[in-house]
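Heads up, model.pdb below (PDB, C-alpha atoms, pLDDT in the B column):
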```pdb
ATOM      1  CA  MET A   1     -40.815 -31.766 -13.692  1.00 45.00           C
ATOM      2  CA  PRO A   2     -39.916 -34.921 -11.735  1.00 48.00           C
ATOM      3  CA  THR A   3     -42.823 -36.653 -10.052  1.00 49.00           C
ATOM      4  CA  HIS A   4     -40.728 -38.905  -7.850  1.00 49.00           C
ATOM      5  CA  PRO A   5     -37.410 -38.425  -6.032  1.00 48.00           C
ATOM      6  CA  ASP A   6     -35.782 -41.273  -7.996  1.00 48.00           C
ATOM      7  CA  MET A   7     -36.428 -39.542 -11.317  1.00 50.00           C
ATOM      8  CA  THR A   8     -33.619 -37.612 -12.942  1.00 51.00           C
ATOM      9  CA  THR A   9     -33.758 -33.939 -13.751  1.00 57.00           C
ATOM     10  CA  ASP A  10     -32.137 -31.750 -16.353  1.00 60.00           C
ATOM     11  CA  ARG A  11     -31.514 -28.863 -13.962  1.00 63.00           C
ATOM     12  CA  ALA A  12     -27.941 -27.714 -13.453  1.00 68.00           C
ATOM     13  CA  PRO A  13     -26.338 -29.542 -10.515  1.00 79.00           C
ATOM     14  CA  GLY A  14     -24.871 -26.261  -9.242  1.00 90.00           C
ATOM     15  CA  VAL A  15     -28.304 -24.726  -8.612  1.00 92.00           C
ATOM     16  CA  LEU A  16     -29.581 -27.906  -6.971  1.00 92.00           C
ATOM     17  CA  ASP A  17     -26.435 -28.157  -4.835  1.00 94.00           C
ATOM     18  CA  THR A  18     -26.904 -24.549  -3.720  1.00 94.00           C
ATOM     19  CA  LEU A  19     -30.593 -25.176  -3.014  1.00 93.00           C
ATOM     20  CA  GLN A  20     -30.012 -28.312  -0.929  1.00 94.00           C
ATOM     21  CA  HIS A  21     -27.195 -26.582   0.979  1.00 95.00           C
ATOM     22  CA  GLN A  22     -29.295 -23.504   1.722  1.00 94.00           C
ATOM     23  CA  VAL A  23     -32.204 -25.692   2.897  1.00 93.00           C
ATOM     24  CA  ALA A  24     -29.791 -27.502   5.245  1.00 94.00           C
ATOM     25  CA  VAL A  25     -28.444 -24.187   6.570  1.00 93.00           C
ATOM     26  CA  PHE A  26     -32.009 -22.940   7.065  1.00 90.00           C
ATOM     27  CA  ALA A  27     -32.920 -26.092   9.016  1.00 88.00           C
ATOM     28  CA  ARG A  28     -29.894 -25.603  11.280  1.00 87.00           C
ATOM     29  CA  ARG A  29     -30.651 -21.919  11.860  1.00 84.00           C
ATOM     30  CA  ALA A  30     -34.292 -22.697  12.590  1.00 81.00           C
ATOM     31  CA  GLU A  31     -33.271 -25.282  15.178  1.00 77.00           C
ATOM     32  CA  GLN A  32     -30.680 -22.946  16.691  1.00 75.00           C
ATOM     33  CA  THR A  33     -33.247 -20.232  17.273  1.00 73.00           C
ATOM     34  CA  ARG A  34     -36.215 -22.621  17.540  1.00 70.00           C
ATOM     35  CA  LEU A  35     -37.794 -19.635  15.799  1.00 62.00           C
ATOM     36  CA  GLY A  36     -38.554 -18.275  19.245  1.00 62.00           C
ATOM     37  CA  GLY A  37     -37.765 -14.706  18.408  1.00 61.00           C
ATOM     38  CA  VAL A  38     -34.732 -12.552  18.913  1.00 61.00           C
ATOM     39  CA  GLY A  39     -33.280 -13.041  22.389  1.00 59.00           C
ATOM     40  CA  ARG A  40     -36.483 -14.715  23.485  1.00 58.00           C
ATOM     41  CA  VAL A  41     -35.534 -18.203  24.574  1.00 58.00           C
ATOM     42  CA  HIS A  42     -38.652 -18.301  26.761  1.00 61.00           C
ATOM     43  CA  ASN A  43     -40.769 -17.851  23.643  1.00 68.00           C
ATOM     44  CA  SER A  44     -39.248 -20.762  21.788  1.00 77.00           C
ATOM     45  CA  MET A  45     -41.347 -23.852  21.245  1.00 86.00           C
ATOM     46  CA  ASP A  46     -40.576 -27.318  20.012  1.00 85.00           C
ATOM     47  CA  ARG A  47     -41.476 -27.682  16.325  1.00 86.00           C
ATOM     48  CA  ALA A  48     -43.812 -30.629  16.924  1.00 90.00           C
ATOM     49  CA  ALA A  49     -45.621 -28.791  19.730  1.00 93.00           C
ATOM     50  CA  TYR A  50     -46.023 -25.654  17.612  1.00 92.00           C
ATOM     51  CA  LEU A  51     -47.432 -27.573  14.654  1.00 92.00           C
ATOM     52  CA  LEU A  52     -49.867 -29.549  16.833  1.00 95.00           C
ATOM     53  CA  LEU A  53     -51.083 -26.483  18.736  1.00 96.00           C
ATOM     54  CA  ASN A  54     -51.389 -24.503  15.521  1.00 95.00           C
ATOM     55  CA  ARG A  55     -53.483 -27.213  13.835  1.00 95.00           C
ATOM     56  CA  LEU A  56     -55.790 -27.504  16.851  1.00 96.00           C
ATOM     57  CA  ASP A  57     -56.155 -23.724  16.868  1.00 97.00           C
ATOM     58  CA  GLN A  58     -56.945 -23.548  13.159  1.00 96.00           C
ATOM     59  CA  GLU A  59     -59.191 -26.611  12.862  1.00 95.00           C
ATOM     60  CA  GLY A  60     -60.672 -26.963  16.328  1.00 94.00           C
ATOM     61  CA  PRO A  61     -61.027 -30.042  18.533  1.00 94.00           C
ATOM     62  CA  MET A  62     -60.341 -33.382  16.856  1.00 94.00           C
ATOM     63  CA  GLY A  63     -59.409 -36.948  17.490  1.00 92.00           C
ATOM     64  CA  VAL A  64     -55.903 -38.334  17.406  1.00 91.00           C
ATOM     65  CA  LYS A  65     -56.452 -40.091  14.071  1.00 91.00           C
ATOM     66  CA  ALA A  66     -57.745 -36.941  12.370  1.00 92.00           C
ATOM     67  CA  LEU A  67     -54.889 -34.888  13.788  1.00 93.00           C
ATOM     68  CA  ALA A  68     -52.343 -37.465  12.637  1.00 92.00           C
ATOM     69  CA  ALA A  69     -53.867 -37.694   9.155  1.00 90.00           C
ATOM     70  CA  GLY A  70     -53.898 -33.910   8.777  1.00 88.00           C
ATOM     71  CA  MET A  71     -50.252 -33.693   9.755  1.00 88.00           C
ATOM     72  CA  GLY A  72     -49.100 -36.650   7.690  1.00 85.00           C
ATOM     73  CA  ILE A  73     -47.809 -38.628  10.667  1.00 89.00           C
ATOM     74  CA  ASP A  74     -49.007 -41.753  12.449  1.00 91.00           C
ATOM     75  CA  SER A  75     -51.336 -41.805  15.448  1.00 91.00           C
ATOM     76  CA  SER A  76     -48.701 -43.187  17.829  1.00 92.00           C
ATOM     77  CA  THR A  77     -46.449 -40.204  17.047  1.00 93.00           C
ATOM     78  CA  VAL A  78     -49.280 -37.758  17.733  1.00 93.00           C
ATOM     79  CA  THR A  79     -50.111 -39.546  20.982  1.00 92.00           C
ATOM     80  CA  ARG A  80     -46.466 -39.332  22.086  1.00 94.00           C
ATOM     81  CA  GLN A  81     -46.143 -35.656  21.069  1.00 94.00           C
ATOM     82  CA  VAL A  82     -49.435 -34.624  22.673  1.00 94.00           C
ATOM     83  CA  ALA A  83     -48.681 -36.215  26.070  1.00 95.00           C
ATOM     84  CA  PRO A  84     -46.385 -33.402  27.317  1.00 95.00           C
ATOM     85  CA  LEU A  85     -48.811 -30.787  25.975  1.00 96.00           C
ATOM     86  CA  VAL A  86     -51.586 -32.352  28.041  1.00 96.00           C
ATOM     87  CA  ASP A  87     -49.267 -32.633  31.073  1.00 96.00           C
ATOM     88  CA  THR A  88     -48.413 -28.913  30.872  1.00 95.00           C
ATOM     89  CA  GLY A  89     -52.040 -27.884  30.366  1.00 96.00           C
ATOM     90  CA  LEU A  90     -51.665 -26.613  26.795  1.00 97.00           C
ATOM     91  CA  VAL A  91     -54.034 -29.256  25.385  1.00 97.00           C
ATOM     92  CA  LYS A  92     -57.164 -30.738  26.944  1.00 96.00           C
ATOM     93  CA  ARG A  93     -58.002 -34.383  26.359  1.00 91.00           C
ATOM     94  CA  THR A  94     -61.707 -35.210  26.578  1.00 87.00           C
ATOM     95  CA  SER A  95     -63.980 -38.062  25.602  1.00 81.00           C
ATOM     96  CA  HIS A  96     -65.772 -37.916  22.274  1.00 73.00           C
ATOM     97  CA  PRO A  97     -69.419 -36.900  22.881  1.00 75.00           C
ATOM     98  CA  GLU A  98     -70.778 -39.749  20.725  1.00 76.00           C
ATOM     99  CA  ASP A  99     -68.167 -42.420  21.483  1.00 74.00           C
ATOM    100  CA  GLY A 100     -66.863 -42.253  25.029  1.00 72.00           C
ATOM    101  CA  ARG A 101     -63.953 -44.529  24.135  1.00 77.00           C
ATOM    102  CA  ALA A 102     -62.541 -42.069  21.584  1.00 80.00           C
ATOM    103  CA  VAL A 103     -60.337 -39.166  22.674  1.00 84.00           C
ATOM    104  CA  VAL A 104     -60.808 -35.587  21.470  1.00 93.00           C
ATOM    105  CA  LEU A 105     -57.920 -33.134  21.710  1.00 95.00           C
ATOM    106  CA  GLN A 106     -58.589 -29.448  22.181  1.00 95.00           C
ATOM    107  CA  LEU A 107     -56.403 -26.388  22.608  1.00 96.00           C
ATOM    108  CA  SER A 108     -56.810 -25.132  26.178  1.00 97.00           C
ATOM    109  CA  PRO A 109     -57.060 -21.420  27.015  1.00 97.00           C
ATOM    110  CA  ARG A 110     -53.505 -21.686  28.388  1.00 97.00           C
ATOM    111  CA  GLY A 111     -52.412 -23.331  25.139  1.00 96.00           C
ATOM    112  CA  LYS A 112     -54.064 -20.578  23.097  1.00 97.00           C
ATOM    113  CA  GLY A 113     -52.253 -17.915  25.124  1.00 95.00           C
ATOM    114  CA  ARG A 114     -48.903 -19.667  24.826  1.00 93.00           C
ATOM    115  CA  LEU A 115     -49.371 -20.159  21.087  1.00 94.00           C
ATOM    116  CA  GLU A 116     -50.151 -16.447  20.659  1.00 93.00           C
ATOM    117  CA  GLU A 117     -46.977 -15.513  22.592  1.00 90.00           C
ATOM    118  CA  VAL A 118     -44.866 -17.714  20.338  1.00 89.00           C
ATOM    119  CA  ARG A 119     -46.568 -16.455  17.179  1.00 90.00           C
ATOM    120  CA  ALA A 120     -45.992 -12.816  18.171  1.00 88.00           C
ATOM    121  CA  SER A 121     -42.339 -13.505  18.919  1.00 86.00           C
ATOM    122  CA  ARG A 122     -41.894 -15.352  15.627  1.00 86.00           C
ATOM    123  CA  ARG A 123     -43.567 -12.507  13.716  1.00 89.00           C
ATOM    124  CA  GLU A 124     -41.071 -10.131  15.324  1.00 87.00           C
ATOM    125  CA  LEU A 125     -38.195 -12.389  14.253  1.00 86.00           C
ATOM    126  CA  MET A 126     -39.535 -12.665  10.690  1.00 90.00           C
ATOM    127  CA  ALA A 127     -39.878  -8.864  10.533  1.00 93.00           C
ATOM    128  CA  LEU A 128     -36.275  -8.455  11.687  1.00 90.00           C
ATOM    129  CA  VAL A 129     -34.893 -11.096   9.299  1.00 92.00           C
ATOM    130  CA  THR A 130     -36.727  -9.603   6.312  1.00 96.00           C
ATOM    131  CA  GLU A 131     -36.306  -5.979   7.395  1.00 96.00           C
ATOM    132  CA  GLY A 132     -34.654  -4.897   4.132  1.00 97.00           C
ATOM    133  CA  TRP A 133     -37.133  -6.791   1.943  1.00 97.00           C
ATOM    134  CA  SER A 134     -39.961  -5.210   0.018  1.00 98.00           C
ATOM    135  CA  GLU A 135     -43.523  -6.473   0.529  1.00 97.00           C
ATOM    136  CA  GLU A 136     -43.296  -8.045  -2.931  1.00 98.00           C
ATOM    137  CA  GLU A 137     -40.158  -9.952  -1.905  1.00 98.00           C
ATOM    138  CA  ARG A 138     -41.822 -11.172   1.299  1.00 97.00           C
ATOM    139  CA  ASP A 139     -44.904 -12.256  -0.665  1.00 97.00           C
ATOM    140  CA  LEU A 140     -42.781 -14.032  -3.278  1.00 98.00           C
ATOM    141  CA  PHE A 141     -40.724 -15.811  -0.610  1.00 97.00           C
ATOM    142  CA  CYS A 142     -43.927 -16.968   1.135  1.00 97.00           C
ATOM    143  CA  THR A 143     -45.375 -18.184  -2.163  1.00 97.00           C
ATOM    144  CA  LEU A 144     -42.232 -20.091  -3.118  1.00 97.00           C
ATOM    145  CA  LEU A 145     -41.693 -21.550   0.364  1.00 95.00           C
ATOM    146  CA  THR A 146     -45.316 -22.695   0.493  1.00 96.00           C
ATOM    147  CA  ARG A 147     -44.933 -24.275  -2.941  1.00 97.00           C
ATOM    148  CA  PHE A 148     -41.647 -25.924  -1.888  1.00 95.00           C
ATOM    149  CA  ASN A 149     -43.225 -27.389   1.274  1.00 90.00           C
ATOM    150  CA  ALA A 150     -46.244 -28.652  -0.687  1.00 92.00           C
ATOM    151  CA  ALA A 151     -43.940 -30.360  -3.195  1.00 94.00           C
ATOM    152  CA  LEU A 152     -41.988 -32.007  -0.377  1.00 89.00           C
ATOM    153  CA  SER A 153     -45.235 -33.185   1.158  1.00 85.00           C
ATOM    154  CA  ASP A 154     -46.402 -34.581  -2.185  1.00 86.00           C
ATOM    155  CA  ILE A 155     -43.152 -36.494  -2.657  1.00 87.00           C
ATOM    156  CA  HIS A 156     -43.456 -38.083   0.776  1.00 76.00           C
ATOM    157  CA  THR A 157     -46.951 -39.343  -0.029  1.00 73.00           C
ATOM    158  CA  LEU A 158     -46.013 -40.998  -3.343  1.00 67.00           C
ATOM    159  CA  PRO A 159     -45.902 -44.799  -3.398  1.00 66.00           C
ATOM    160  CA  PRO A 160     -42.423 -46.301  -3.664  1.00 63.00           C
ATOM    161  CA  VAL A 161     -41.146 -46.952  -7.174  1.00 62.00           C
ATOM    162  CA  ALA A 162     -40.064 -50.514  -7.998  1.00 63.00           C
ATOM    163  CA  PRO A 163     -36.491 -50.814  -9.247  1.00 63.00           C
ATOM    164  CA  ALA A 164     -36.179 -50.889 -13.036  1.00 63.00           C
ATOM    165  CA  ALA A 165     -35.631 -54.307 -14.599  1.00 64.00           C
ATOM    166  CA  PRO A 166     -32.127 -54.805 -16.000  1.00 64.00           C
ATOM    167  CA  ALA A 167     -31.844 -54.275 -19.750  1.00 63.00           C
ATOM    168  CA  SER A 168     -31.175 -57.444 -21.739  1.00 56.00           C
TER     169      SER A 168
END
```

Take the structure I supplied and represent it as structure tokens, if you would.
Amino acid sequence: MPTHPDMTTDRAPGVLDTLQHQVAVFARRAEQTRLGGVGRVHNSMDRAAYLLLNRLDQEGPMGVKALAAGMGIDSSTVTRQVAPLVDTGLVKRTSHPEDGRAVVLQLSPRGKGRLEEVRASRRELMALVTEGWSEEERDLFCTLLTRFNAALSDIHTLPPVAPAAPAS
């Protein structure tokens, strides 16, 4: 199994071509629907907002640096993405209890409600999309997609590989 994107693989190019194409189609479809649910444009949510709200919901209040580290992005990106969530009242920004200079981000009650609306709508969409699937197929798809996302994440955290020296 390759441990870096620059490494070659012995897998058939046809399967890898199909896989990369289907991932691209999935990304387009996800953006088209914003995974807001069927006919529910009002329940769509920007991907960055959803991921930030979801993390705050799952892990509780945290600072910008911790949120950025947990999401694998830099602090300036989190700060930029959180600003509209604070402006719309979905996230509360407070001072750290021990260090008044540090900022703590917390999901507001309004944010929790909005996140639940979006989750419910997305569950409905996932049920519709996988309507003809067995529970085993849904479980397998979740397992493989989780594994795929973890592998992508691992690849993005690898240090760059130096170019190979020319053979003499």

Suppose a student applies the PyMOL selection byres ((chain A and resi 102-118) around 6) to this structure; what residues should they get, written as an mmCIF file with C-alpha atoms, in the coordinates of the input?
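Dumped everything to expr.cif:
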```cif
data_model
loop_
_atom_site.group_PDB
_atom_site.id
_atom_site.type_symbol
_atom_site.label_atom_id
_atom_site.label_comp_id
_atom_site.auth_asym_id
_atom_site.auth_seq_id
_atom_site.Cartn_x
_atom_site.Cartn_y
_atom_site.Cartn_z
ATOM 1 C CA ASN A 43 -40.769 -17.851 23.643
ATOM 2 C CA LEU A 56 -55.790 -27.504 16.851
ATOM 3 C CA PRO A 61 -61.027 -30.042 18.533
ATOM 4 C CA MET A 62 -60.341 -33.382 16.856
ATOM 5 C CA GLY A 63 -59.409 -36.948 17.490
ATOM 6 C CA LEU A 90 -51.665 -26.613 26.795
ATOM 7 C CA VAL A 91 -54.034 -29.256 25.385
ATOM 8 C CA LYS A 92 -57.164 -30.738 26.944
ATOM 9 C CA ARG A 93 -58.002 -34.383 26.359
ATOM 10 C CA THR A 94 -61.707 -35.210 26.578
ATOM 11 C CA SER A 95 -63.980 -38.062 25.602
ATOM 12 C CA HIS A 96 -65.772 -37.916 22.274
ATOM 13 C CA ASP A 99 -68.167 -42.420 21.483
ATOM 14 C CA GLY A 100 -66.863 -42.253 25.029
ATOM 15 C CA ARG A 101 -63.953 -44.529 24.135
ATOM 16 C CA ARG A 119 -46.568 -16.455 17.179
ATOM 17 C CA ALA A 120 -45.992 -12.816 18.171
ATOM 18 C CA SER A 121 -42.339 -13.505 18.919
#
```

State, in Å with one decimal place, the distance from CA of Pro84 in chain A to CA of Ala150 in chain A.
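Interatomic distance here is 28.4 Å.
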
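Nearest to His156 in chain A of all the residues A:Asp46, A:Gly72, A:Gly14, A:Leu53 is A:Gly72, counting only C-alpha atoms.
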
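Using all atoms listed in the file, the protein and nucleic acid residues lying no more than 12 Å from range 21-32 of chain A, apart from those fewer than 6 places from it along its own chain, are A:Pro13, A:Gly14, A:Val15, A:Val38, A:Gly39, A:Val41, A:Ser44, A:Met45, A:Asp46, A:Arg47, A:Ala48, A:Arg122, A:Leu125, A:Met126, A:Val129, A:Leu145, A:Phe148, A:Asn149.
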
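A straight line drawn from CA of Ile73 in chain A to CA of Leu152 in chain A is 14.1 Å long.
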
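This file, filtered with the PyMOL selection byres ((chain A and resi 79-81) around 10), gives the residues Ala48, Ala49, Leu52, Val64, Lys65, Leu67, Ala68, Asp74, Ser75, Ser76, Thr77, Val78, Val82, Ala83, Pro84, Leu85 and Val86 of chain A.
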
What is the distance, in Å and to one decimal place, between CA of Gly70 in chain A and CA of Thr157 in chain A?
12.5 Å
